[in-house]
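What follows is one structure encoded as structure tokens, with my remarks underneath.
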Amino acid sequence: MGNILVTVPHATCPPGGPGPDHLCDIAAPAAARQLAAAVRARGAVVELFLGDIPRGCRLQHRGCRVCDLNRMRCADTPWRRAVRATLARARWLLDVHSSPGDARSFGGRGFVILLNAENRPLAGATARRVIAAVRRLGIGAALLRGRSPDGRPGNAIIAEAAIAGVPAMLLEFSERLGAAERQQIAEIVAAAVLTTRAAVLTARARRAHSKQARGALSRKRAKRTAPTNNENQHY
Ligand SMILES: [Zn+2]
């Protein structure tokens, strides 16, 4: 059936912590572990990847090694290569992030899913189901458009999954949520990905989708499309 990959590209904080620029996702490792446990409890195999390089450093720590592991320019880091190597046996990829949860980060919502255009054919229906279920808990939630990594900042990990034909979504947990609320969301996501129709895609359908996603990405590169809503967001 394939494994569930859980990635946390912004898991590692720079020396001195996240700072005002939110240089790491402080709640994401905990959320990812809750998600991994919820998936394992349902009998599936999880591979959890916690990012090992901070995406930025504060000025006083100049010289520390940085790379935003969710960007195309960091595609050749050992961490990204390790994630890529597991895509062939993946059933789903869940890319886990956390944001401050204030009005500037996703309108203060408790939970957001981002999908690039090329993720929608495989992951869109599942993402909508998850958002509806999270809203029923009374938690503000939305499905938003992410950015493809066509030469500008973008959500590179879920884009790479699409190219490999693997359903993937980027999950943003608010850092204002408590552990119990994160747990409820983790259960919803785990149940949804393990019952989704995309999970039973044939190898042939995945190859066809992968070809489409590659085509969509190169067309976008050529067109230089207008920026969408998560340009420069640092979550
Ligand atoms: Zn993040």
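Following the order of the structure tokens, chains are lettered A, B, ..., residues in each are numbered from 1, and ligands are numbered from 1.
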Using only C-alpha atoms, determine which residues lie at most 12 Å from segment 10-17 of chain A, disregarding the query and same-chain residues fewer than 3 positions distant; provide the list as a count of residues only.
-> 50
Mind checking DSSP for segment 36-96 of chain A and telling me the helix (DSSP H, G or I) residues as a count of residues only?
-> 24
Would you please extract all strand (DSSP E) residues from segment 16-218 of chain A, as assigned by DSSP on the backbone, and give them as a PDB file with C-alpha atoms, in the first residue's frame?
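Wrote it out as selection-v2.pdb, contents follow:
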```pdb
ATOM      1  CA  VAL A  46       5.275   6.255   8.626  1.00  0.00           C
ATOM      2  CA  GLU A  47       8.610   7.745   7.684  1.00  0.00           C
ATOM      3  CA  LEU A  48       9.211  10.990   9.586  1.00  0.00           C
ATOM      4  CA  PHE A  49      11.778  13.517   8.308  1.00  0.00           C
ATOM      5  CA  LEU A  50      12.680  16.423  10.593  1.00  0.00           C
ATOM      6  CA  ALA A  90       5.075   6.612  -0.704  1.00  0.00           C
ATOM      7  CA  ARG A  91       1.319   6.532  -0.592  1.00  0.00           C
ATOM      8  CA  TRP A  92       1.011  10.113   0.696  1.00  0.00           C
ATOM      9  CA  LEU A  93       3.350  12.944   1.702  1.00  0.00           C
ATOM     10  CA  LEU A  94       2.296  15.296   4.510  1.00  0.00           C
ATOM     11  CA  ASP A  95       4.477  18.405   4.820  1.00  0.00           C
ATOM     12  CA  VAL A  96       3.993  19.803   8.334  1.00  0.00           C
ATOM     13  CA  HIS A  97       4.509  23.440   9.363  1.00  0.00           C
ATOM     14  CA  SER A  98       3.441  25.782  12.144  1.00  0.00           C
ATOM     15  CA  SER A  99       2.750  29.498  12.102  1.00  0.00           C
ATOM     16  CA  PHE A 111      -5.293  25.218  10.667  1.00  0.00           C
ATOM     17  CA  VAL A 112      -4.612  25.729   6.970  1.00  0.00           C
ATOM     18  CA  ILE A 113      -3.838  23.399   4.084  1.00  0.00           C
ATOM     19  CA  LEU A 114      -1.840  24.735   1.149  1.00  0.00           C
ATOM     20  CA  LEU A 115      -1.900  23.026  -2.224  1.00  0.00           C
ATOM     21  CA  ALA A 141      -9.590  26.360   8.893  1.00  0.00           C
ATOM     22  CA  ALA A 142      -9.098  26.988   5.181  1.00  0.00           C
ATOM     23  CA  LEU A 143      -7.731  25.405   2.024  1.00  0.00           C
ATOM     24  CA  LEU A 144      -5.476  27.954   0.310  1.00  0.00           C
ATOM     25  CA  ARG A 145      -3.489  28.095  -2.869  1.00  0.00           C
ATOM     26  CA  ALA A 168       0.728  15.567  -0.968  1.00  0.00           C
ATOM     27  CA  MET A 169      -0.467  18.516   1.064  1.00  0.00           C
ATOM     28  CA  LEU A 170       1.171  21.192   3.180  1.00  0.00           C
ATOM     29  CA  LEU A 171      -0.356  21.431   6.673  1.00  0.00           C
ATOM     30  CA  GLU A 172      -0.034  24.647   8.731  1.00  0.00           C
ATOM     31  CA  PHE A 173      -0.851  24.305  12.424  1.00  0.00           C
ATOM     32  CA  SER A 174      -1.277  27.483  14.435  1.00  0.00           C
TER      33      SER A 174
END
```
